[in-house]
Each structure stands twice: as C-alpha cells, then as structure tokens.
$ cat model-v2.txt   # compact mmCIF, C-alpha atoms
# COMPACT_ATOMS: atom_id res chain seq x y z
CA MET A 1 0.00 0.00 0.00
CA ASP A 2 1.30 3.46 -0.90
CA LEU A 3 0.67 5.42 2.30
CA LYS A 4 1.75 8.64 0.62
CA GLU A 5 -1.33 8.52 -1.61
CA LYS A 6 -3.50 8.47 1.50
CA ILE A 7 -2.11 11.80 2.71
CA ARG A 8 -3.93 14.83 1.37
CA THR A 9 -2.04 18.01 0.49
CA ILE A 10 -3.75 21.31 1.26
CA PRO A 11 -2.06 24.37 -0.25
CA ASP A 12 -1.71 27.62 1.72
CA PHE A 13 -2.42 26.22 5.20
CA PRO A 14 -1.84 27.55 7.79
CA LYS A 15 -0.55 30.41 5.62
CA PRO A 16 0.15 31.26 1.97
CA GLY A 17 2.94 29.25 0.36
CA ILE A 18 2.80 26.28 2.73
CA MET A 19 1.78 22.88 1.37
CA PHE A 20 0.15 21.23 4.38
CA ARG A 21 0.41 17.42 4.50
CA ASP A 22 -2.87 16.32 6.04
CA ILE A 23 -2.92 12.92 7.75
CA THR A 24 -6.67 13.05 8.53
CA THR A 25 -7.43 11.31 5.23
CA LEU A 26 -5.05 8.51 6.20
CA ILE A 27 -6.53 7.85 9.64
CA GLU A 28 -10.10 7.98 8.34
CA ASP A 29 -9.20 5.02 6.12
CA TYR A 30 -9.02 2.00 8.45
CA ASP A 31 -6.77 -0.09 6.18
CA ALA A 32 -4.28 2.75 5.73
CA PHE A 33 -4.27 3.60 9.45
CA GLU A 34 -3.74 -0.05 10.43
CA GLU A 35 -0.94 -0.40 7.85
CA THR A 36 0.74 2.76 9.22
CA ILE A 37 0.75 1.39 12.77
CA LYS A 38 2.03 -1.98 11.49
CA ARG A 39 4.96 -0.28 9.74
CA LEU A 40 5.77 1.87 12.78
CA PHE A 41 5.68 -1.30 14.90
CA THR A 42 8.06 -3.15 12.56
CA ILE A 43 10.61 -0.36 13.05
CA ALA A 44 9.98 0.17 16.77
CA GLU A 45 10.14 -3.47 17.86
CA LYS A 46 13.85 -3.60 16.92
CA TYR A 47 14.70 -1.12 19.69
CA ASP A 48 15.05 -1.85 23.39
CA ILE A 49 12.53 0.57 24.88
CA ASP A 50 10.68 1.14 28.15
CA LYS A 51 8.16 3.81 27.14
CA ILE A 52 6.68 5.64 24.18
CA ALA A 53 6.20 9.41 24.37
CA GLY A 54 4.21 11.45 21.84
CA ILE A 55 3.84 15.16 21.18
CA GLU A 56 0.40 16.79 21.41
CA SER A 57 -1.85 16.30 19.63
CA ARG A 58 -1.18 14.40 16.39
CA GLY A 59 1.61 12.45 18.08
CA PHE A 60 -1.10 10.92 20.29
CA ILE A 61 -2.95 9.57 17.23
CA PHE A 62 -0.11 7.31 16.16
CA GLY A 63 1.64 6.94 19.51
CA THR A 64 -1.13 5.34 21.52
CA PRO A 65 -1.93 2.45 19.14
CA LEU A 66 1.82 1.88 18.72
CA ALA A 67 2.42 1.83 22.50
CA LEU A 68 -0.35 -0.74 23.00
CA LYS A 69 1.01 -2.93 20.20
CA LEU A 70 4.47 -2.75 21.82
CA LYS A 71 2.91 -3.44 25.25
CA LYS A 72 4.40 -0.25 26.71
CA GLY A 73 2.98 2.71 28.60
CA PHE A 74 2.39 6.00 26.79
CA VAL A 75 3.68 9.35 28.05
CA LEU A 76 2.15 12.68 27.02
CA ILE A 77 4.25 15.65 25.94
CA ARG A 78 1.90 18.62 25.90
CA LYS A 79 1.79 22.35 25.25
CA LYS A 80 2.44 24.51 28.31
CA GLY A 81 -0.21 24.62 31.01
CA LYS A 82 -2.09 21.49 29.92
CA LEU A 83 -0.53 18.84 32.19
CA PRO A 84 -2.00 18.98 35.70
CA GLY A 85 0.93 17.61 37.74
CA LYS A 86 4.48 18.81 38.37
CA THR A 87 6.22 19.33 35.04
CA ILE A 88 9.54 20.02 33.37
CA SER A 89 9.33 22.38 30.40
CA GLN A 90 11.39 23.18 27.35
CA GLU A 91 11.17 26.20 25.08
CA TYR A 92 11.72 26.08 21.33
CA ASP A 93 11.77 28.57 18.47
CA LEU A 94 8.92 29.05 16.07
CA GLU A 95 9.19 31.06 12.86
CA TYR A 96 8.00 34.06 14.87
CA GLY A 97 8.40 33.81 18.62
CA LYS A 98 8.70 30.82 20.88
CA ASP A 99 6.61 27.97 22.22
CA LYS A 100 6.96 25.62 25.17
CA ILE A 101 6.24 21.93 25.73
CA GLU A 102 6.06 20.02 29.01
CA ILE A 103 6.27 16.54 30.48
CA HIS A 104 5.25 15.30 33.93
CA THR A 105 8.39 14.94 36.11
CA ASN A 106 7.22 11.55 37.35
CA SER A 107 6.59 10.13 33.86
CA ILE A 108 10.22 9.28 33.15
CA GLU A 109 12.43 7.31 35.52
CA GLU A 110 16.23 7.57 35.59
CA GLY A 111 17.63 5.57 32.69
CA ASP A 112 14.30 4.97 30.92
CA LYS A 113 14.73 4.21 27.23
CA VAL A 114 12.11 6.33 25.47
CA LEU A 115 10.85 6.09 21.91
CA LEU A 116 9.55 9.46 20.71
CA ILE A 117 6.85 9.83 18.06
CA ASP A 118 5.11 12.59 16.15
CA ASP A 119 3.09 12.66 12.96
CA LEU A 120 5.45 14.87 10.94
CA ILE A 121 8.94 16.36 10.96
CA ALA A 122 9.27 19.82 9.42
CA THR A 123 12.02 22.00 10.96
CA GLY A 124 12.46 19.58 13.89
CA GLY A 125 12.17 22.24 16.60
CA SER A 126 9.44 20.65 18.69
CA MET A 127 10.99 17.16 18.50
CA ARG A 128 14.39 18.55 19.50
CA ALA A 129 12.69 20.14 22.51
CA ALA A 130 10.99 16.81 23.28
CA CYS A 131 14.38 15.05 23.30
CA GLU A 132 15.71 17.67 25.71
CA LEU A 133 12.69 17.14 27.96
CA VAL A 134 13.22 13.38 28.09
CA GLU A 135 16.90 13.85 28.90
CA LYS A 136 16.26 16.54 31.54
CA ALA A 137 13.88 14.06 33.16
CA GLY A 138 16.67 11.46 33.34
CA GLY A 139 15.69 9.32 30.35
CA ASN A 140 17.45 8.37 27.12
CA VAL A 141 16.03 8.74 23.63
CA ALA A 142 16.08 5.25 22.07
CA ALA A 143 14.75 6.36 18.68
CA ILE A 144 12.50 8.93 17.02
CA LEU A 145 9.69 8.00 14.63
CA PHE A 146 7.64 10.13 12.26
CA VAL A 147 4.94 9.16 9.82
CA VAL A 148 5.77 12.01 7.41
CA GLU A 149 9.09 13.72 6.70
CA LEU A 150 9.66 16.99 4.83
CA PRO A 151 13.39 16.68 4.05
CA ASP A 152 13.59 20.06 2.30
CA LEU A 153 13.23 21.70 5.73
CA HIS A 154 16.32 19.84 7.09
CA GLY A 155 14.70 18.91 10.40
CA ARG A 156 17.17 16.02 10.83
CA ASP A 157 19.96 18.58 11.32
CA LYS A 158 18.43 19.39 14.71
CA LEU A 159 18.25 15.68 15.58
CA LYS A 160 21.75 14.59 14.49
CA ASP A 161 22.48 12.85 17.80
CA TYR A 162 19.50 10.52 17.45
CA ASP A 163 18.26 7.61 15.43
CA VAL A 164 15.47 9.12 13.27
CA ARG A 165 13.07 7.10 11.09
CA SER A 166 10.07 8.07 8.96
CA LEU A 167 7.60 6.22 6.76
CA VAL A 168 6.74 8.73 4.03
CA SER A 169 8.80 11.56 2.53
CA PHE A 170 7.70 14.62 0.54
CA ALA A 171 10.79 16.12 -1.13
CA GLY A 172 10.92 18.85 -3.78
CA GLU A 173 7.14 18.95 -4.05
CA MET B 1 -8.73 -4.39 37.71
CA ASP B 2 -10.00 -1.21 39.38
CA LEU B 3 -9.34 1.41 36.72
CA LYS B 4 -10.40 4.17 39.09
CA GLU B 5 -7.34 3.53 41.23
CA LYS B 6 -5.15 4.18 38.20
CA ILE B 7 -6.53 7.71 37.79
CA ARG B 8 -4.69 10.33 39.80
CA THR B 9 -6.56 13.23 41.40
CA ILE B 10 -4.83 16.61 41.41
CA PRO B 11 -6.51 19.25 43.58
CA ASP B 12 -6.85 22.86 42.41
CA PHE B 13 -6.13 22.31 38.72
CA PRO B 14 -6.71 24.20 36.48
CA LYS B 15 -7.98 26.50 39.25
CA PRO B 16 -8.68 26.50 43.00
CA GLY B 17 -11.48 24.19 44.11
CA ILE B 18 -11.34 21.83 41.12
CA MET B 19 -10.35 18.20 41.67
CA PHE B 20 -8.72 17.29 38.36
CA ARG B 21 -9.02 13.61 37.37
CA ASP B 22 -5.75 12.88 35.60
CA ILE B 23 -5.70 9.96 33.16
CA THR B 24 -1.96 10.24 32.42
CA THR B 25 -1.20 7.77 35.23
CA LEU B 26 -3.61 5.30 33.63
CA ILE B 27 -2.13 5.44 30.13
CA GLU B 28 1.45 5.25 31.43
CA ASP B 29 0.51 1.86 32.91
CA TYR B 30 0.31 -0.54 29.94
CA ASP B 31 -1.94 -3.08 31.66
CA ALA B 32 -4.41 -0.41 32.76
CA PHE B 33 -4.42 1.28 29.35
CA GLU B 34 -4.96 -2.04 27.54
CA GLU B 35 -7.77 -2.96 29.96
CA THR B 36 -9.42 0.43 29.37
CA ILE B 37 -9.44 -0.08 25.61
CA LYS B 38 -10.75 -3.65 26.06
CA ARG B 39 -13.68 -2.38 28.15
CA LEU B 40 -14.46 0.42 25.69
CA PHE B 41 -14.39 -2.17 22.90
CA THR B 42 -16.79 -4.49 24.76
CA ILE B 43 -19.31 -1.65 24.92
CA ALA B 44 -18.67 -0.27 21.43
CA GLU B 45 -18.87 -3.57 19.53
CA LYS B 46 -22.57 -3.88 20.41
CA TYR B 47 -23.41 -0.83 18.30
CA ASP B 48 -23.76 -0.68 14.54
CA ILE B 49 -21.21 1.99 13.63
CA ASP B 50 -19.36 3.29 10.59
CA LYS B 51 -16.83 5.64 12.18
CA ILE B 52 -15.32 6.74 15.47
CA ALA B 53 -14.83 10.44 16.17
CA GLY B 54 -12.83 11.82 19.11
CA ILE B 55 -12.44 15.27 20.60
CA GLU B 56 -8.98 16.90 20.76
CA SER B 57 -6.74 15.98 22.39
CA ARG B 58 -7.42 13.41 25.09
CA GLY B 59 -10.23 11.91 22.99
CA PHE B 60 -7.53 10.91 20.49
CA ILE B 61 -5.68 8.89 23.14
CA PHE B 62 -8.54 6.46 23.68
CA GLY B 63 -10.28 6.89 20.33
CA THR B 64 -7.52 5.77 18.00
CA PRO B 65 -6.75 2.39 19.65
CA LEU B 66 -10.51 1.78 19.92
CA ALA B 67 -11.10 2.61 16.25
CA LEU B 68 -8.35 0.21 15.14
CA LYS B 69 -9.72 -2.56 17.37
CA LEU B 70 -13.19 -1.99 15.86
CA LYS B 71 -11.63 -1.87 12.35
CA LYS B 72 -13.08 1.58 11.66
CA GLY B 73 -11.64 4.88 10.52
CA PHE B 74 -11.04 7.65 13.04
CA VAL B 75 -12.31 11.21 12.58
CA LEU B 76 -10.76 14.21 14.35
CA ILE B 77 -12.84 16.85 16.09
CA ARG B 78 -10.46 19.73 16.81
CA LYS B 79 -10.33 23.19 18.31
CA LYS B 80 -10.97 26.02 15.83
CA GLY B 81 -8.31 26.73 13.24
CA LYS B 82 -6.47 23.42 13.56
CA LEU B 83 -8.03 21.38 10.75
CA PRO B 84 -6.57 22.32 7.36
CA GLY B 85 -9.51 21.46 5.06
CA LYS B 86 -13.04 22.81 4.72
CA THR B 87 -14.78 22.55 8.09
CA ILE B 88 -18.10 22.86 9.88
CA SER B 89 -17.87 24.47 13.30
CA GLN B 90 -19.94 24.55 16.46
CA GLU B 91 -19.70 26.97 19.36
CA TYR B 92 -20.25 25.98 22.99
CA ASP B 93 -20.31 27.74 26.34
CA LEU B 94 -17.44 27.63 28.78
CA GLU B 95 -17.70 28.82 32.36
CA TYR B 96 -16.51 32.21 31.12
CA GLY B 97 -16.91 32.86 27.42
CA LYS B 98 -17.23 30.47 24.52
CA ASP B 99 -15.14 27.98 22.57
CA LYS B 100 -15.49 26.39 19.15
CA ILE B 101 -14.79 22.93 17.74
CA GLU B 102 -14.61 21.83 14.11
CA ILE B 103 -14.85 18.79 11.87
CA HIS B 104 -13.84 18.38 8.23
CA THR B 105 -16.97 18.54 6.03
CA ASN B 106 -15.83 15.52 4.03
CA SER B 107 -15.20 13.34 7.11
CA ILE B 108 -18.85 12.38 7.60
CA GLU B 109 -21.07 11.03 4.85
CA GLU B 110 -24.87 11.32 4.84
CA GLY B 111 -26.28 8.70 7.20
CA ASP B 112 -22.96 7.70 8.78
CA LYS B 113 -23.39 6.10 12.21
CA VAL B 114 -20.77 7.73 14.39
CA LEU B 115 -19.50 6.67 17.80
CA LEU B 116 -18.18 9.67 19.74
CA ILE B 117 -15.49 9.39 22.39
CA ASP B 118 -13.73 11.62 24.90
CA ASP B 119 -11.72 10.95 28.03
CA LEU B 120 -14.06 12.65 30.50
CA ILE B 121 -17.54 14.12 30.82
CA ALA B 122 -17.85 17.13 33.11
CA THR B 123 -20.58 19.63 32.13
CA GLY B 124 -21.04 17.95 28.73
CA GLY B 125 -20.72 21.16 26.69
CA SER B 126 -17.99 20.08 24.30
CA MET B 127 -19.57 16.65 23.67
CA ARG B 128 -22.96 18.26 23.02
CA ALA B 129 -21.25 20.49 20.46
CA ALA B 130 -19.57 17.42 18.94
CA CYS B 131 -22.98 15.73 18.52
CA GLU B 132 -24.28 18.84 16.79
CA LEU B 133 -21.27 18.83 14.46
CA VAL B 134 -21.83 15.20 13.46
CA GLU B 135 -25.51 15.89 12.80
CA LYS B 136 -24.85 19.10 10.85
CA ALA B 137 -22.48 17.04 8.69
CA GLY B 138 -25.28 14.56 7.93
CA GLY B 139 -24.32 11.80 10.35
CA ASN B 140 -26.09 10.13 13.26
CA VAL B 141 -24.67 9.68 16.74
CA ALA B 142 -24.74 5.93 17.45
CA ALA B 143 -23.40 6.21 21.01
CA ILE B 144 -21.14 8.31 23.22
CA LEU B 145 -18.33 6.83 25.32
CA PHE B 146 -16.29 8.35 28.11
CA VAL B 147 -13.58 6.82 30.26
CA VAL B 148 -14.41 9.04 33.26
CA GLU B 149 -17.72 10.56 34.35
CA LEU B 150 -18.26 13.32 36.94
CA PRO B 151 -22.00 12.85 37.61
CA ASP B 152 -22.20 15.75 40.10
CA LEU B 153 -21.81 18.13 37.15
CA HIS B 154 -24.90 16.66 35.39
CA GLY B 155 -23.28 16.51 31.96
CA ARG B 156 -25.77 13.81 30.88
CA ASP B 157 -28.54 16.44 31.00
CA LYS B 158 -27.02 18.00 27.89
CA LEU B 159 -26.84 14.57 26.18
CA LYS B 160 -30.37 13.30 26.99
CA ASP B 161 -31.10 12.38 23.38
CA TYR B 162 -28.14 10.02 23.17
CA ASP B 163 -26.90 6.69 24.47
CA VAL B 164 -24.12 7.64 26.90
CA ARG B 165 -21.73 5.17 28.55
CA SER B 166 -18.73 5.61 30.84
CA LEU B 167 -16.26 3.27 32.56
CA VAL B 168 -15.41 5.08 35.80
CA SER B 169 -17.45 7.50 37.90
CA PHE B 170 -16.33 10.02 40.55
CA ALA B 171 -19.42 11.10 42.53
CA GLY B 172 -19.53 13.13 45.75
CA GLU B 173 -15.77 13.16 46.02

$ encode --input "model-v2.txt" --output "structure tokens"
Amino acid sequence: MDLKEKIRTIPDFPKPGIMFRDITTLIEDYDAFEETIKRLFTIAEKYDIDKIAGIESRGFIFGTPLALKLKKGFVLIRKKGKLPGKTISQEYDLEYGKDKIEIHTNSIEEGDKVLLIDDLIATGGSMRAACELVEKAGGNVAAILFVVELPDLHGRDKLKDYDVRSLVSFAGE
Amino acid sequence: MDLKEKIRTIPDFPKPGIMFRDITTLIEDYDAFEETIKRLFTIAEKYDIDKIAGIESRGFIFGTPLALKLKKGFVLIRKKGKLPGKTISQEYDLEYGKDKIEIHTNSIEEGDKVLLIDDLIATGGSMRAACELVEKAGGNVAAILFVVELPDLHGRDKLKDYDVRSLVSFAGE
C-alpha cells in the first residue's frame, strides 16, 4: 500500500505558500491507518525501549496504538499549562516567537529508554525540545519516529544525535 | 482491575477548588491502558457503527486504539483553526466565554453512524457540540463513550437524546 497517496495536500495552510500534508485522510481510512501502525511497529520493535512518548496532539494519534502494540505505557508531551501535575518544560523557536512543551516529572524514571513519536517532521524544533525534555527528566532517547518527513526543511539537522526514522517523505514537491 | 485507582486526582487544577481527574497515570501503565481499551471495545462492539470520532486531544488517546480494534476509521474533532480542510464548526459555552470545535466537512457522509469518544464528561458542553457537528455534517450519533464521568456536574442532562456510557465514575468526592 502506498501510504503517501492516503495523505492529502492542502495548499496555503496555515498560511500562503505552505503545502500542508494532512494525515486526517489517512486515519479515516481504516486499512491505511492499520498499515501505518504496522509499519511503525516493525521499526519500533527492533529497539530496546521502556516507554513511548508522543507530542500533542497528532503524536497521540499514532503513539497510543503503537504503544499498546508494543505493550508499553504511553507518556504525554503537551503544550504549556495542559498537564496537571508537576512538570519540566522546554522552550523552542517558532518562525516568529517561541513555544513551550512540558512533560510530567514523574513520567520518566532515571535511565528509561524512550521512543519518541510525532506525525510529521518539518524543521524539527518541537521534536528537538521533546528530546531535551526526556533527557532533563533522566531518560534516554532510544529512537525517534515520524509518519511524514519533509526533508527540504532539514529537520534532521536538529536531531543529528539521534536515530530518526520516517515512513513517508515529501521532497521537492 | 480497578481502573479508578489508576486515575490520579490533582486538587486545584486548572484552578482552585477543582479536583482534576488525571488519566496520564492510567495510560502510562500498559496493563491499565490495555484494559481500558478492552472495556471500551466491549461496549462499542454492540453498536452498529461506521466511524469513530474523538475530541482533541485526550479523545484521540482512547479513540484511535478503539477505532483500530473496531476496524473503523477515526475522525478528528479539533479546536478552531487546527483542521486544514473545509470545516463545519460549532460553538459551545465555557464557564466564562465560549469555545469552538470543528470537523472536516468531508469526514462524515450522509447517514454515517458515528460513535463519539472523549476521556471525561464534566458539564457535557464540548460533547454536546460534537454531537451537533456530526448531525450538521449529515451523520447520526450511534453512542457516546467516556472513560471518566463526573455525575455531580450533570453533563448527561445535555446529552439526553443520546446513548451515553462511561467506565469510571467520581461522585460526591
């Protein structure tokens, strides 16, 4: 199955000139969604991991079925102010301004091997911040998975220290 | 397994006087998370449904594994401005002010039987808005599932026309 065909492209979202890769069409198609999780699982099962962590909110869509298939717990990385318990936070740069993500301090134990997941890598800023969060909390990043990669934006440059994998790539399009 | 014991209560979040029921401790525990999805499935499989729709972002956590187990596609209901395609939107009241949720117009087909899911029912405002969205889009609400119910807030009053089920209830606490 060509998963790329299941992803819809919407021009000029969220602003003019951006080609938005929309995974809603993929997850609305049961066969494509199931196949996506199967492929993520095939990659993930090769790593020695304790926990899966996903970035709000599209990271939750792929991360929770994957965690259950791997028989691991799932840890939420959320935008600032959303997690109710004691948190660690990490700032990262946006095109204009900054944003912040957080993780519960008690979600990661010292030495935990954590697999990180999000739907898409663009510039890599939020995933880089997620890696820093996991490490600040005492964990190690075992691997990083994405469903979609936009290599023209060179997001992997920010994640050079890590093992990064993706299923579908949109280059020069 | 007593799923209620896996849910952590955090007092005074997001503001003084509120006892926040935190499902992060449940989903970080693989056995509890798997058991939760199994129980949701046992309820959901009795209904004739075409699609599952979940409300951003904690609805995605339980909705996507459930959809895959039921072999159905998953539809996102998101906060305003997040979905990239053409949307229908529905406003609802918050304690102070209003909020708005959206669904892609092409996600629901005329006559679709939709199972709605979220992590928790408090006052029921956002789920009521979600039902209205599904109906505006031409679908029918087959059933509504929650993991946690706070019956003291009488959220079911707003959902009287629907079949509402929950796994865990916090009353008079």

$ interface_residues --input "model-v2.txt" --of "chain A" --to "chain B" --cutoff "8 Å" --atoms "all atoms listed in the file" --output "PyMOL selection string"
chain A and resi 10+13-14+20+22+24+27-30+33-34+56-57+60-62+64-65+68+71-76+84-85+107

$ residues_around --input "model-v2.txt" --residues "range 114-126 of chain B" --least-positions-apart "2" --cutoff "9 Å" --atoms "all atoms listed in the file" --output "MDAnalysis selection string"
chainID B and resid 21 23 44 47:63 91:94 99:101 108 112 128:131 134 139:159 166

$ atom_distance --input "model-v2.txt" --atom1 "CA of Glu110 in chain A" --atom2 "CA of Ile77 in chain A"
17.4 Å

$ atom_distance --input "model-v2.txt" --atom1 "CA of Phe170 in chain B" --atom2 "CA of Lys4 in chain B"
8.5 Å

$ atom_distance --input "model-v2.txt" --atom1 "CA of Leu133 in chain B" --atom2 "CA of Met19 in chain A"
26.8 Å

$ closest_residue --input "model-v2.txt" --among "B:Gly111, B:Gln90, B:Thr105, B:Glu173" --to "Glu132 in chain B" --atoms "only C-alpha atoms"
B:Gln90

$ closest_residue --input "model-v2.txt" --among "A:Glu45, A:Glu95, A:Glu102, A:Asp161" --to "Lys80 in chain A" --atoms "only C-alpha atoms"
A:Glu102

$ axis_aligned_box --input "model-v2.txt" --around "range 20-39 of chain A" --padding-each-side "4 Å" --output "JSON"
{"center_x": -2.6, "center_y": 9.6, "center_z": 8.6, "size_x": 23.1, "size_y": 31.2, "size_z": 16.4}
